[in-house]
$ cat query-v8.cif   # mmCIF, C-alpha atoms
data_model
loop_
_atom_site.label_atom_id
_atom_site.label_comp_id
_atom_site.auth_asym_id
_atom_site.auth_seq_id
_atom_site.Cartn_x
_atom_site.Cartn_y
_atom_site.Cartn_z
CA MET A 1 48.31 -36.55 2.24
CA VAL A 2 50.07 -34.64 -0.52
CA PRO A 3 52.40 -31.84 0.57
CA SER A 4 51.83 -28.50 -1.08
CA ALA A 5 54.54 -26.74 -3.07
CA VAL A 6 55.80 -23.33 -2.02
CA ASP A 7 58.46 -21.84 -4.31
CA GLY A 8 59.13 -25.33 -5.66
CA ILE A 9 59.70 -26.85 -2.20
CA ASN A 10 57.32 -29.48 -0.88
CA VAL A 11 55.95 -28.48 2.54
CA PRO A 12 53.43 -30.29 4.71
CA HIS A 13 49.81 -29.21 4.69
CA PHE A 14 49.24 -27.77 8.17
CA ARG A 15 45.86 -27.41 9.87
CA THR A 16 45.00 -25.82 13.20
CA GLY A 17 42.19 -26.29 15.67
CA VAL A 18 40.96 -24.71 18.89
CA GLY A 19 39.12 -26.46 21.71
CA VAL A 20 37.43 -25.20 24.86
CA ASP A 21 35.96 -27.13 27.78
CA ALA A 22 34.52 -26.19 31.17
CA HIS A 23 32.98 -28.11 34.06
CA VAL A 24 31.70 -27.25 37.51
CA PHE A 25 33.16 -28.80 40.65
CA SER A 26 31.02 -31.66 41.91
CA LEU A 27 28.90 -31.44 45.04
CA ASP A 28 30.00 -35.03 45.67
CA GLU A 29 33.15 -34.60 47.77
CA ASN A 30 34.17 -38.18 46.90
CA ARG A 31 34.37 -37.51 43.16
CA PRO A 32 38.06 -37.61 42.18
CA LEU A 33 39.66 -34.76 40.26
CA TRP A 34 41.35 -35.69 37.00
CA LEU A 35 43.17 -32.90 35.21
CA ALA A 36 45.71 -33.07 32.38
CA GLY A 37 45.62 -36.86 32.61
CA LEU A 38 46.57 -36.82 36.29
CA HIS A 39 44.69 -37.72 39.46
CA TRP A 40 44.76 -34.93 42.05
CA PRO A 41 44.30 -36.56 45.48
CA GLY A 42 42.44 -34.51 48.06
CA GLN A 43 40.73 -32.36 45.41
CA VAL A 44 37.02 -32.54 44.53
CA GLY A 45 36.42 -33.57 40.93
CA LEU A 46 34.35 -32.07 38.16
CA ASP A 47 30.83 -33.11 37.16
CA ALA A 48 30.78 -34.61 33.68
CA HIS A 49 29.73 -37.65 31.64
CA SER A 50 33.37 -38.74 31.61
CA ASP A 51 36.04 -37.91 34.19
CA GLY A 52 35.67 -34.16 33.50
CA ASP A 53 39.33 -33.60 32.57
CA VAL A 54 38.92 -30.16 30.97
CA ALA A 55 42.51 -30.07 29.69
CA ALA A 56 42.22 -33.41 27.88
CA HIS A 57 38.75 -32.54 26.56
CA ALA A 58 39.88 -29.17 25.17
CA ILE A 59 42.82 -30.85 23.43
CA CYS A 60 40.46 -33.47 21.96
CA ASP A 61 38.23 -30.76 20.49
CA ALA A 62 41.25 -28.87 19.12
CA LEU A 63 42.55 -32.00 17.38
CA LEU A 64 39.15 -33.05 16.06
CA GLY A 65 38.51 -29.53 14.77
CA ALA A 66 41.89 -29.35 13.07
CA ALA A 67 41.25 -32.65 11.30
CA GLY A 68 37.68 -31.70 10.35
CA LEU A 69 36.27 -34.59 12.41
CA GLY A 70 33.61 -32.81 14.43
CA ASP A 71 33.92 -32.44 18.17
CA LEU A 72 34.07 -34.49 21.35
CA GLY A 73 30.29 -34.61 21.76
CA THR A 74 29.77 -35.78 18.18
CA ASN A 75 32.31 -38.58 18.51
CA PHE A 76 31.94 -39.60 22.19
CA GLY A 77 28.62 -38.10 23.29
CA THR A 78 26.53 -38.73 26.38
CA ASP A 79 24.47 -41.22 24.37
CA ARG A 80 27.51 -43.55 24.37
CA PRO A 81 27.39 -45.51 27.67
CA GLU A 82 30.87 -46.95 27.09
CA TYR A 83 32.28 -43.47 27.78
CA VAL A 84 30.61 -42.94 31.16
CA GLN A 85 33.47 -41.95 33.48
CA ALA A 86 35.99 -42.46 30.64
CA SER A 87 39.37 -41.00 31.43
CA GLY A 88 40.65 -37.99 29.57
CA ALA A 89 43.68 -40.09 28.60
CA LYS A 90 41.40 -42.72 27.04
CA LEU A 91 39.53 -40.06 25.06
CA LEU A 92 42.80 -38.43 23.95
CA ALA A 93 44.17 -41.77 22.74
CA ALA A 94 40.94 -42.46 20.84
CA VAL A 95 41.01 -38.99 19.24
CA TYR A 96 44.68 -39.48 18.35
CA GLU A 97 43.74 -42.66 16.48
CA LEU A 98 40.96 -40.83 14.62
CA VAL A 99 43.39 -38.09 13.58
CA LEU A 100 45.91 -40.68 12.36
CA ALA A 101 43.19 -42.58 10.49
CA ALA A 102 42.23 -39.32 8.74
CA GLY A 103 45.80 -39.11 7.39
CA TYR A 104 47.21 -36.50 9.76
CA ARG A 105 50.03 -36.39 12.29
CA VAL A 106 50.13 -34.23 15.41
CA SER A 107 52.81 -31.54 15.36
CA ASN A 108 52.00 -30.05 18.76
CA VAL A 109 49.23 -29.11 21.14
CA CYS A 110 49.04 -26.37 23.74
CA VAL A 111 46.52 -26.19 26.58
CA GLN A 112 45.88 -23.51 29.18
CA ILE A 113 43.92 -24.48 32.30
CA ILE A 114 41.81 -21.72 33.84
CA GLY A 115 40.95 -21.85 37.54
CA ASN A 116 42.07 -21.18 41.07
CA ARG A 117 42.87 -24.75 42.03
CA PRO A 118 44.63 -27.09 41.91
CA LYS A 119 47.98 -25.38 41.52
CA LEU A 120 49.49 -26.91 38.38
CA ASN A 121 53.06 -25.69 38.78
CA SER A 122 54.25 -28.54 41.02
CA ARG A 123 53.00 -31.16 38.55
CA SER A 124 53.36 -29.43 35.18
CA SER A 125 56.06 -31.79 33.90
CA GLU A 126 53.90 -34.79 34.87
CA ALA A 127 50.96 -33.23 33.03
CA VAL A 128 53.03 -32.72 29.89
CA ALA A 129 54.29 -36.31 30.02
CA SER A 130 50.82 -37.76 30.60
CA LEU A 131 49.18 -35.83 27.76
CA SER A 132 52.08 -36.46 25.39
CA PHE A 133 51.97 -40.20 26.10
CA ALA A 134 48.26 -40.33 25.19
CA LEU A 135 49.12 -38.54 21.93
CA GLY A 136 51.86 -40.90 20.81
CA GLY A 137 54.69 -38.70 22.05
CA ALA A 138 53.53 -35.45 20.44
CA ASP A 139 54.91 -32.16 21.73
CA VAL A 140 52.63 -30.76 24.43
CA SER A 141 52.66 -27.45 26.31
CA VAL A 142 50.63 -26.94 29.47
CA SER A 143 50.06 -23.67 31.30
CA ALA A 144 47.59 -22.33 33.84
CA THR A 145 46.03 -19.03 34.78
CA THR A 146 43.39 -17.58 37.06
CA THR A 147 40.78 -15.01 36.16
CA ASP A 148 41.39 -12.70 39.13
CA GLY A 149 38.08 -13.63 40.74
CA LEU A 150 35.99 -13.17 37.60
CA GLY A 151 33.48 -15.72 36.31
CA PHE A 152 32.74 -19.21 37.58
CA THR A 153 36.42 -20.22 37.48
CA GLY A 154 37.48 -17.13 39.41
CA GLU A 155 34.76 -17.76 41.97
CA GLY A 156 36.16 -21.27 42.50
CA LYS A 157 33.09 -23.03 41.09
CA GLY A 158 34.88 -25.00 38.39
CA LEU A 159 37.62 -25.24 35.82
CA ALA A 160 37.96 -24.43 32.13
CA ALA A 161 40.63 -25.02 29.50
CA ILE A 162 41.50 -23.66 26.07
CA ALA A 163 43.66 -25.67 23.69
CA SER A 164 45.17 -25.30 20.26
CA ALA A 165 46.49 -28.01 17.99
CA LEU A 166 48.71 -28.04 14.94
CA ILE A 167 48.49 -31.08 12.68
CA TYR A 168 49.94 -31.92 9.28
#

$ encode --input "query-v8.cif" --output "structure tokens"
Amino acid sequence: MVPSAVDGINVPHFRTGVGVDAHVFSLDENRPLWLAGLHWPGQVGLDAHSDGDVAAHAICDALLGAAGLGDLGTNFGTDRPEYVQASGAKLLAAVYELVLAAGYRVSNVCVQIIGNRPKLNSRSSEAVASLSFALGGADVSVSATTTDGLGFTGEGKGLAAIASALIY
């Protein structure tokens, strides 16, 4: 990748991407919850083709979008049996490799988890470490919010996440 010149100074070519993911809580009380690369014991998981990790999935879409590589469904769709129950960490690592192969590096990613539970605060540093590890040590920010009872997340029916990525 060739840096661009601004006022005679070479600067990296930055690209940004945004990703969104949402899943409903499973009716199967034995389905484990995976969120931000972490297992949440005692919490019912999300229905999905993979593990349903909305934070990891939103980051994947943000990175793929920034690199112009499509989206999660295009690259790892439900027609790919090898990704049934795949972990969010596995998908993140695979997306990271695609981004690197396209000639980019990850500057940072930011993800906000939307829902009433689980409470992220007690494990936020673990979440950052887990997601960063899957992305080769990239800077990661994780936050959470509720929707004050509005929508399916506010009604406690599922979780959503919004992520942004900056690559160069």

$ closest_atom_pairs --input "query-v8.cif" --of "stretch 50-114 of chain A" --to "stretch 144-152 of chain A" --cutoff "9 Å" --atoms "all atoms listed in the file" --output "tab-separated table"
residue	atom	partner	partner_atom	distance
A:Val111	CA	A:Ala144	CA	8.3
A:Gln112	CA	A:Ala144	CA	5.1
A:Ile113	CA	A:Ala144	CA	4.5
A:Ile114	CA	A:Thr145	CA	5.1

$ resolve_selection --input "query-v8.cif" --expression "the PyMOL selection byres ((chain A and resi 132) around 12)" --output "ChimeraX atom specification"
/A:36-37,56,59,89,92-93,96,106-111,125-131,133-142

$ closest_residue --input "query-v8.cif" --among "A:Val20, A:Ser26, A:Leu100, A:Thr153" --to "A:Leu72" --atoms "all atoms listed in the file"
A:Val20

$ atom_distance --input "query-v8.cif" --atom1 "atom CA of A:Gly158" --atom2 "atom CA of A:Gly52"
10.4 Å

$ resolve_selection --input "query-v8.cif" --expression "the PyMOL selection byres ((chain A and resi 47) around 7)" --output "list in words"
His23, Val24, Phe25, Ser26, Gly45, Leu46, Ala48 and Gly52 of chain A

$ axis_aligned_box --input "query-v8.cif" --around "stretch 101-112 of chain A" --padding-each-side "5 Å" --output "AutoDock Vina command-line options"
--center_x 47.5 --center_y -33.0 --center_z 18.3 --size_x 20.6 --size_y 29.1 --size_z 31.8

$ closest_residue --input "query-v8.cif" --among "A:Tyr83, A:Thr16, A:Lys119, A:Pro32" --to "A:Ala66" --atoms "only C-alpha atoms"
A:Thr16
